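A.B. asks: As input, take model-v4.txt (compact mmCIF, C-alpha atoms and all ligand atoms):
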```
# COMPACT_ATOMS: atom_id res chain seq x y z
CA MET I 136 147.02 -72.19 1.54
CA PRO I 137 147.88 -68.72 0.18
CA LYS I 138 147.14 -65.74 2.33
CA THR I 139 144.53 -63.04 2.43
CA LEU I 140 145.74 -59.62 1.33
CA PHE I 141 144.59 -56.39 2.98
CA LEU I 142 145.24 -53.55 0.55
CA GLY I 143 145.10 -49.84 1.25
CA HIS I 144 146.94 -46.60 0.74
CA LYS I 145 147.34 -43.52 2.90
CA ASN I 146 146.38 -41.25 0.00
CA CYS I 147 142.86 -42.72 0.09
CA ARG I 148 142.47 -40.67 3.29
CA ARG I 149 143.28 -37.37 1.62
CA HIS I 150 139.98 -37.38 -0.26
CA ASP I 151 137.69 -35.40 2.01
CA MET I 152 134.21 -34.09 1.23
CA GLY I 153 134.04 -31.69 4.16
CA GLN I 154 133.30 -31.71 7.85
CA GLY I 155 130.35 -33.87 8.83
CA HIS I 156 130.26 -35.84 5.59
CA PRO I 157 129.63 -39.50 6.47
CA GLU I 158 132.02 -40.82 3.80
CA SER I 159 135.01 -39.57 5.77
CA PRO I 160 138.72 -40.42 5.97
CA GLN I 161 138.08 -41.62 9.53
CA ARG I 162 136.34 -44.68 8.12
CA LEU I 163 139.63 -46.13 6.85
CA GLN I 164 141.38 -45.13 10.05
CA ALA I 165 138.80 -46.95 12.19
CA ILE I 166 139.05 -50.09 10.05
CA GLU I 167 142.82 -50.16 9.99
CA GLN I 168 143.12 -49.58 13.73
CA LEU I 169 140.91 -52.54 14.60
CA VAL I 170 142.26 -54.81 11.89
CA ARG I 171 145.84 -54.18 12.99
CA ALA I 172 144.89 -54.80 16.63
CA THR I 173 143.44 -58.22 15.75
CA ASP I 174 145.62 -61.32 15.80
CA TRP I 175 145.40 -62.90 12.36
CA GLN I 176 148.01 -65.57 13.13
CA GLY I 177 150.04 -64.61 10.09
CA LYS I 178 147.19 -65.20 7.66
CA LEU I 179 146.65 -61.55 6.71
CA SER I 180 149.25 -59.60 4.70
CA PHE I 181 149.15 -55.81 4.54
CA VAL I 182 149.90 -54.41 1.09
CA ASP I 183 150.32 -50.83 -0.12
CA ALA I 184 148.08 -50.35 -3.15
CA PRO I 185 149.65 -49.03 -6.36
CA LYS I 186 148.15 -46.08 -8.21
CA VAL I 187 146.81 -46.67 -11.71
CA ASP I 188 147.00 -44.18 -14.54
CA LEU I 189 143.93 -42.78 -16.21
CA ALA I 190 144.30 -45.10 -19.19
CA CYS I 191 143.34 -48.03 -16.92
CA LEU I 192 139.80 -46.64 -16.60
CA GLY I 193 139.09 -46.85 -20.33
CA GLY I 194 137.55 -50.30 -20.26
CA ILE I 195 134.58 -48.96 -18.29
CA HIS I 196 134.58 -45.16 -18.25
CA PRO I 197 134.65 -43.17 -21.52
CA LYS I 198 137.55 -40.80 -21.98
CA HIS I 199 135.39 -37.65 -22.17
CA HIS I 200 133.82 -38.47 -18.81
CA VAL I 201 137.18 -39.02 -17.10
CA GLN I 202 138.50 -35.83 -18.70
CA ALA I 203 135.51 -33.86 -17.42
CA LEU I 204 136.10 -35.14 -13.88
CA MET I 205 139.77 -34.22 -14.08
CA GLU I 206 138.90 -30.71 -15.15
CA LEU I 207 136.56 -30.39 -12.20
CA VAL I 208 139.25 -31.10 -9.57
CA PRO I 209 139.70 -27.86 -7.59
CA GLU I 210 143.08 -26.39 -6.70
CA GLN I 211 141.69 -25.76 -3.25
CA GLY I 212 138.37 -26.14 -1.49
CA PHE I 213 135.66 -28.29 -3.06
CA ALA I 214 133.95 -28.86 -6.39
CA ASP I 215 130.45 -30.34 -6.25
CA ILE I 216 129.42 -33.25 -8.47
CA ASP I 217 125.99 -33.74 -6.93
CA ALA I 218 124.26 -32.93 -3.64
CA ASP I 219 126.36 -35.45 -1.70
CA THR I 220 129.42 -36.07 -3.89
CA ARG I 221 132.25 -33.59 -4.18
CA LEU I 222 135.92 -33.38 -5.04
CA ASN I 223 138.76 -31.88 -3.07
CA PRO I 224 142.24 -31.47 -4.63
CA TYR I 225 143.14 -35.08 -3.69
CA SER I 226 139.95 -36.92 -4.60
CA LEU I 227 140.92 -38.11 -8.04
CA ASP I 228 144.28 -39.28 -6.76
CA ALA I 229 142.55 -41.27 -4.00
CA ALA I 230 140.20 -42.84 -6.55
CA LEU I 231 143.16 -43.94 -8.67
CA TYR I 232 144.64 -45.69 -5.62
CA ALA I 233 141.27 -47.32 -4.92
CA VAL I 234 141.16 -48.66 -8.47
CA GLY I 235 144.83 -49.60 -8.17
CA ALA I 236 144.08 -51.70 -5.09
CA ALA I 237 141.26 -53.48 -6.88
CA LEU I 238 143.32 -54.26 -9.98
CA HIS I 239 146.43 -55.30 -8.06
CA ALA I 240 144.37 -57.56 -5.79
CA THR I 241 142.78 -59.13 -8.86
CA ASP I 242 146.16 -59.77 -10.48
CA GLN I 243 147.59 -61.26 -7.30
CA VAL I 244 144.67 -63.62 -6.74
CA ILE I 245 144.64 -64.73 -10.39
CA ALA I 246 148.39 -65.36 -10.23
CA GLY I 247 147.90 -67.52 -7.13
CA GLN I 248 149.98 -65.14 -5.01
CA ALA I 249 147.05 -64.84 -2.62
CA GLY I 250 143.90 -66.83 -1.99
CA ASN I 251 141.71 -63.77 -1.69
CA ALA I 252 141.93 -60.06 -0.88
CA PHE I 253 140.14 -57.15 0.75
CA CYS I 254 140.66 -53.57 -0.44
CA SER I 255 140.21 -51.05 2.36
CA VAL I 256 139.91 -48.04 0.10
CA ARG I 257 137.81 -44.99 -0.67
CA PRO I 258 136.11 -43.38 -2.48
CA PRO I 259 133.70 -46.29 -2.96
CA GLY I 260 132.62 -47.21 -6.48
CA HIS I 261 129.39 -49.16 -6.94
CA HIS I 262 127.14 -46.13 -7.64
CA ALA I 263 129.47 -44.88 -10.39
CA GLU I 264 127.88 -45.58 -13.77
CA SER I 265 129.98 -45.64 -16.92
CA ALA I 266 129.54 -41.89 -17.51
CA ILE I 267 128.05 -40.62 -14.24
CA ALA I 268 129.91 -40.11 -10.94
CA MET I 269 127.41 -40.06 -8.07
CA GLY I 270 126.58 -41.25 -4.56
CA PHE I 271 130.08 -40.69 -3.07
CA CYS I 272 131.53 -42.72 -6.00
CA LEU I 273 133.87 -41.57 -8.79
CA PHE I 274 135.05 -44.70 -10.63
CA ASN I 275 133.49 -48.13 -10.42
CA SER I 276 136.44 -50.04 -8.99
CA VAL I 277 134.66 -53.40 -8.74
CA ALA I 278 133.59 -53.20 -12.39
CA LEU I 279 137.14 -52.37 -13.45
CA ALA I 280 138.43 -55.33 -11.43
CA ALA I 281 135.89 -57.70 -12.99
CA GLU I 282 136.86 -56.42 -16.43
CA ARG I 283 140.51 -57.09 -15.58
CA ALA I 284 139.72 -60.71 -14.71
CA LEU I 285 137.90 -61.15 -18.04
CA ALA I 286 140.80 -59.53 -19.89
CA SER I 287 143.16 -62.01 -18.23
CA GLY I 288 141.29 -64.86 -19.90
CA MET I 289 138.43 -65.74 -17.56
CA SER I 290 135.13 -66.29 -19.30
CA ARG I 291 132.69 -65.80 -16.40
CA VAL I 292 132.88 -63.74 -13.20
CA ALA I 293 130.39 -62.64 -10.56
CA ILE I 294 129.96 -59.47 -8.51
CA LEU I 295 128.07 -59.77 -5.21
CA ASP I 296 126.96 -56.51 -3.59
CA PHE I 297 125.55 -56.51 -0.04
CA ASP I 298 125.75 -52.75 0.57
CA VAL I 299 122.45 -51.33 1.88
CA HIS I 300 122.24 -49.25 -1.31
CA HIS I 301 121.69 -50.82 -4.69
CA GLY I 302 124.80 -51.06 -6.88
CA ASN I 303 123.23 -49.15 -9.76
CA GLY I 304 126.53 -48.40 -11.45
CA THR I 305 127.61 -52.01 -11.59
CA VAL I 306 124.25 -53.06 -13.07
CA GLU I 307 124.30 -50.23 -15.62
CA ILE I 308 127.78 -51.26 -16.74
CA PHE I 309 127.15 -55.01 -17.00
CA GLN I 310 123.45 -55.38 -17.79
CA ASP I 311 124.22 -56.41 -21.36
CA ARG I 312 127.29 -58.48 -20.54
CA PRO I 313 126.10 -62.04 -19.88
CA GLU I 314 129.56 -63.15 -18.78
CA VAL I 315 129.24 -60.99 -15.65
CA LEU I 316 126.68 -62.05 -13.05
CA VAL I 317 125.69 -59.16 -10.76
CA CYS I 318 123.83 -59.99 -7.54
CA SER I 319 122.77 -57.01 -5.41
CA SER I 320 120.85 -56.92 -2.14
CA PHE I 321 119.56 -53.54 -1.02
CA GLN I 322 116.96 -51.68 0.97
CA TYR I 323 114.00 -50.91 -1.28
CA PRO I 324 112.65 -48.40 -1.98
CA PHE I 325 115.76 -46.35 -1.20
CA TYR I 326 118.63 -44.37 -2.70
CA PRO I 327 119.63 -44.35 -5.56
CA GLY I 328 116.44 -45.61 -7.28
CA ARG I 329 118.29 -46.37 -10.52
CA PHE I 330 118.69 -49.69 -12.36
CA ASP I 331 116.85 -51.50 -9.57
CA ASP I 332 114.23 -53.08 -11.85
CA VAL I 333 116.49 -54.48 -14.56
CA VAL I 334 115.37 -57.90 -15.78
CA ARG I 335 118.20 -59.92 -17.31
CA PRO I 336 119.45 -63.48 -16.77
CA ASN I 337 122.77 -62.11 -15.42
CA ILE I 338 121.23 -59.59 -13.00
CA CYS I 339 119.94 -60.94 -9.69
CA LEU I 340 118.25 -58.29 -7.53
CA THR I 341 117.35 -58.86 -3.88
CA PRO I 342 115.30 -55.89 -2.59
CA LEU I 343 114.64 -55.83 1.16
CA THR I 344 112.07 -53.72 2.99
CA ALA I 345 113.29 -51.22 5.57
CA GLY I 346 113.66 -52.81 8.99
CA SER I 347 114.60 -56.25 7.63
CA ASP I 348 116.91 -58.07 10.03
CA GLY I 349 119.82 -60.43 9.49
CA ALA I 350 117.65 -63.55 9.28
CA VAL I 351 115.54 -62.07 6.50
CA PHE I 352 118.64 -60.80 4.70
CA ARG I 353 120.49 -64.10 4.93
CA GLN I 354 117.55 -66.21 3.84
CA ALA I 355 116.84 -64.04 0.79
CA VAL I 356 120.47 -63.74 -0.26
CA GLU I 357 121.33 -67.39 0.29
CA ARG I 358 118.30 -68.61 -1.64
CA GLN I 359 118.64 -66.28 -4.63
CA TRP I 360 122.39 -65.96 -4.91
CA THR I 361 123.13 -69.68 -4.53
CA ARG I 362 120.86 -70.46 -7.45
CA ALA I 363 122.32 -67.67 -9.59
CA LEU I 364 125.94 -68.56 -8.81
CA ARG I 365 125.52 -72.29 -9.39
CA ARG I 366 123.97 -71.54 -12.75
CA HIS I 367 126.61 -68.96 -13.73
CA GLN I 368 129.66 -70.93 -12.50
CA PRO I 369 131.94 -67.89 -12.11
CA GLU I 370 135.69 -68.41 -12.17
CA MET I 371 136.20 -65.51 -9.79
CA ILE I 372 133.96 -63.65 -7.34
CA PHE I 373 134.11 -59.94 -6.55
CA ILE I 374 132.36 -58.42 -3.55
CA SER I 375 131.04 -54.89 -3.21
CA ALA I 376 131.35 -55.05 0.55
CA GLY I 377 129.26 -52.28 2.05
CA PHE I 378 128.60 -52.44 5.77
CA ASP I 379 125.84 -49.81 5.93
CA ALA I 380 123.12 -52.45 6.30
CA HIS I 381 124.29 -52.64 9.95
CA ARG I 382 121.56 -51.69 12.40
CA ASP I 383 123.80 -48.98 13.91
CA ASP I 384 124.42 -47.31 10.56
CA PRO I 385 123.10 -43.75 10.33
CA LEU I 386 122.34 -43.93 6.58
CA GLY I 387 120.77 -47.36 6.13
CA GLY I 388 117.47 -48.70 7.44
CA LEU I 389 118.24 -52.43 7.66
CA ASN I 390 119.03 -54.21 10.92
CA LEU I 391 122.02 -56.45 10.34
CA GLN I 392 124.43 -57.17 13.18
CA ASP I 393 128.17 -57.87 13.20
CA GLU I 394 127.68 -61.64 12.93
CA ASP I 395 125.52 -61.32 9.83
CA PHE I 396 128.55 -60.00 7.97
CA LEU I 397 130.51 -63.05 9.12
CA ALA I 398 127.70 -65.32 7.93
CA VAL I 399 127.27 -63.75 4.50
CA SER I 400 131.05 -63.77 4.04
CA TRP I 401 131.23 -67.48 4.90
CA PHE I 402 128.38 -68.15 2.53
CA ILE I 403 130.20 -66.36 -0.31
CA LYS I 404 133.45 -68.10 0.55
CA ASP I 405 131.80 -71.51 0.38
CA LEU I 406 130.34 -70.76 -3.03
CA ALA I 407 133.67 -69.38 -4.27
CA GLY I 408 135.18 -72.69 -3.20
CA GLU I 409 132.61 -74.57 -5.26
CA THR I 410 133.08 -72.80 -8.58
CA ALA I 411 135.93 -70.30 -8.43
CA GLN I 412 138.77 -72.13 -6.65
CA GLY I 413 138.14 -69.78 -3.75
CA ARG I 414 139.16 -66.70 -5.73
CA ILE I 415 137.59 -63.61 -4.11
CA VAL I 416 138.45 -59.92 -4.32
CA SER I 417 136.38 -57.80 -1.95
CA LEU I 418 136.16 -54.01 -2.03
CA LEU I 419 134.95 -51.66 0.65
CA GLU I 420 131.86 -49.71 -0.38
CA GLY I 421 129.68 -48.08 2.35
CA GLY I 422 129.51 -48.27 6.16
CA TYR I 423 129.29 -45.04 8.14
CA GLN I 424 129.09 -45.81 11.85
CA LEU I 425 132.79 -46.07 12.60
CA ASP I 426 132.72 -48.71 15.35
CA ALA I 427 130.15 -50.92 13.62
CA LEU I 428 132.05 -50.54 10.34
CA ALA I 429 135.39 -51.59 11.83
CA ARG I 430 133.87 -54.55 13.70
CA SER I 431 131.95 -55.70 10.62
CA VAL I 432 135.06 -55.55 8.43
CA VAL I 433 136.89 -57.71 10.97
CA GLN I 434 134.03 -60.25 10.78
CA HIS I 435 134.25 -60.19 6.98
CA LEU I 436 138.01 -60.75 7.13
CA LYS I 437 137.60 -63.62 9.60
CA ALA I 438 135.75 -65.56 6.93
CA LEU I 439 138.26 -64.59 4.23
CA VAL I 440 141.37 -65.68 6.18
CA GLU I 441 140.05 -69.11 7.22
ZN ZN X 1 125.82 -47.79 0.75
```
Can I see the file as structure tokens?
C.D. replies:
Amino acid sequence: MPKTLFLGHKNCRRHDMGQGHPESPQRLQAIEQLVRATDWQGKLSFVDAPKVDLACLGGIHPKHHVQALMELVPEQGFADIDADTRLNPYSLDAALYAVGAALHATDQVIAGQAGNAFCSVRPPGHHAESAIAMGFCLFNSVALAAERALASGMSRVAILDFDVHHGNGTVEIFQDRPEVLVCSSFQYPFYPGRFDDVVRPNICLTPLTAGSDGAVFRQAVERQWTRALRRHQPEMIFISAGFDAHRDDPLGGLNLQDEDFLAVSWFIKDLAGETAQGRIVSLLEGGYQLDALARSVVQHLKALVE
């Protein structure tokens, strides 16, 4: 059985939104440290992500929007995009490596060079709408990866998002694209409060009240997503893997524990085996308590490598 890829790049750590910002370079450091200290029995391969050029963003993000972001990049210090999203001189570069990881992982899995892949990258992407960067996100990497799979000849794909925040960008981008199923679980009501009431056959929303625990989360997700996925029959599954629904997370208000991330990952892997020949590309989104984040990623990877 082909391996699981773990993609990252050191330049993803150069994007920094200032001291005390929860979406910090230390997140990737914490993940990598624990992942590298875990014995994967040869089933996990570490890969340096390539950088994409700006032209690769065109399928999702209009040129004028990308150009405006480029012009905003400061020579030093910070440039604010919104109250909690800002650029330093290296932010755009980091985002192009994050997209590069997503696209390379997609190509490798489609080519059968790997069974599945996890991209340990930042900035995250699922809040990025086609022409709005927001919520710590610049480019919507998971949307670009899904688009890549469709461009390679697949006719149906699915994006599953279990970040504590709703993947508004992904829904905005694909709400009128029936070939892309988007399933998103999220605390509700909560940030960002956009595109969380879209009614379409290809959009499956799973709002959860604050304080919901792993049992509630798993029951809701398994019931709704199984039905949606069996109906859609995706040829490939993408995951917006946010770990901020963990009960230790300082931003989220749900109460998942480490093992819930193992369980939801197994559940997704089983369904990918049913319809998509096991093809999964998973991308890091949120997760801000460093220890809980690193442990939860390891649980996620445990399901992917088996
Ligand atoms: Zn989040």
A.B. asks: Under the rule of at most 9 Å, produce a per-residue listing of chain I near ligand ZN 1 (chain X): chain, number, name, the closest pair of atoms, and the distance in Å, as a Markdown table, using only C-alpha atoms and all ligand atoms.
C.D. replies:
```
| residue | atom | partner | partner_atom | distance |
| --- | --- | --- | --- | --- |
| I:Pro259 | CA | X:ZN1 | ZN | 8.8 |
| I:His261 | CA | X:ZN1 | ZN | 8.6 |
| I:His262 | CA | X:ZN1 | ZN | 8.7 |
| I:Gly270 | CA | X:ZN1 | ZN | 8.5 |
| I:Phe297 | CA | X:ZN1 | ZN | 8.8 |
| I:Asp298 | CA | X:ZN1 | ZN | 5.0 |
| I:Val299 | CA | X:ZN1 | ZN | 5.0 |
| I:His300 | CA | X:ZN1 | ZN | 4.4 |
| I:His301 | CA | X:ZN1 | ZN | 7.5 |
| I:Gly302 | CA | X:ZN1 | ZN | 8.4 |
| I:Phe321 | CA | X:ZN1 | ZN | 8.7 |
| I:Tyr326 | CA | X:ZN1 | ZN | 8.7 |
| I:Gly377 | CA | X:ZN1 | ZN | 5.8 |
| I:Phe378 | CA | X:ZN1 | ZN | 7.4 |
| I:Asp379 | CA | X:ZN1 | ZN | 5.6 |
| I:Ala380 | CA | X:ZN1 | ZN | 7.7 |
| I:Leu386 | CA | X:ZN1 | ZN | 7.8 |
| I:Gly387 | CA | X:ZN1 | ZN | 7.4 |
| I:Glu420 | CA | X:ZN1 | ZN | 6.4 |
| I:Gly421 | CA | X:ZN1 | ZN | 4.2 |
| I:Gly422 | CA | X:ZN1 | ZN | 6.6 |
| I:Tyr423 | CA | X:ZN1 | ZN | 8.6 |
```
A.B. asks: Here is a test: counting only C-alpha atoms, which residue of I:Phe373, I:Phe330, I:Trp175, I:Phe402 is nearest to Asn251 of chain I?
C.D. replies: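 Smallest separation from Asn251 of chain I among the options: I:Phe373.
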A.B. asks: Would you kindly return, as a PyMOL selection string, each protein, DNA or RNA residue with an atom no farther than 12 Å from any atom of Phe396 of chain I, considering only C-alpha atoms and excluding same-chain residues fewer than 4 positions away?
C.D. replies: chain I and resi 297-298+348-350+352-353+376-382+390-392+400-403+422+427-439
A.B. asks: Rank nothing, just name the residue among I:Ser290, I:Arg283, I:Tyr323, I:Pro157 nearest to Pro385 of chain I, using only C-alpha atoms.
C.D. replies: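 Checking each candidate against Pro385 of chain I, we get I:Pro157 as the closest.
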A.B. asks: Compare I:Leu397, I:Ala355, I:Ala363, I:Leu419 by their minimum atom-to-atom distance to Cys318 of chain I, counting all atoms listed in the file, and give me the closest one.
C.D. replies: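 Nearest candidate to Cys318 of chain I out of I:Leu397, I:Ala355, I:Ala363, I:Leu419: I:Ala363.
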A.B. asks: What gap, in Å, lies between atom CA of Leu316 of chain I and atom CA of Leu238 of chain I?
C.D. replies: 18.6 Å
A.B. asks: Kindly indicate which residue among I:Gly235, I:Pro342, I:Gly304, I:Gly288 lies nearest to Val182 of chain I, using all atoms listed in the file for the distances.
C.D. replies: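 Closest candidate: I:Gly235.
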A.B. asks: Between atom CA of Pro197 of chain I and atom CA of Leu364 of chain I, what distance in Å does the model show, to one decimal?
C.D. replies: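 Taking atom CA of Pro197 of chain I and atom CA of Leu364 of chain I, their separation equals 29.7 Å.
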A.B. asks: Would you please work out which residue, of I:Ser319, I:Asn337, I:Thr305, I:Gln164, is nearest to Val256 of chain I when using only C-alpha atoms?
C.D. replies: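 For Val256 of chain I, the nearest of the candidates is I:Gln164.
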A.B. asks: Can you measure atom CA of His367 of chain I to atom CA of Lys404 of chain I for me? One decimal in Å is fine.
C.D. replies: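 Spanning atom CA of His367 of chain I to atom CA of Lys404 of chain I is a straight-line distance of 15.9 Å.
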A.B. asks: Go through segment 225-273 of chain I residue by residue and, counting only C-alpha atoms, keep those with an atom at most 6 Å from segment 143-148 of chain I; for each kept residue give the shortest atom pair and its distance in Å to one decimal, ordered by chain and increasing number, as CSV.
C.D. replies:
```
residue,atom,partner,partner_atom,distance
I:Ala229,CA,I:Cys147,CA,4.4
I:Ser255,CA,I:Gly143,CA,5.2
I:Val256,CA,I:Gly143,CA,5.6
I:Arg257,CA,I:Cys147,CA,5.6
```
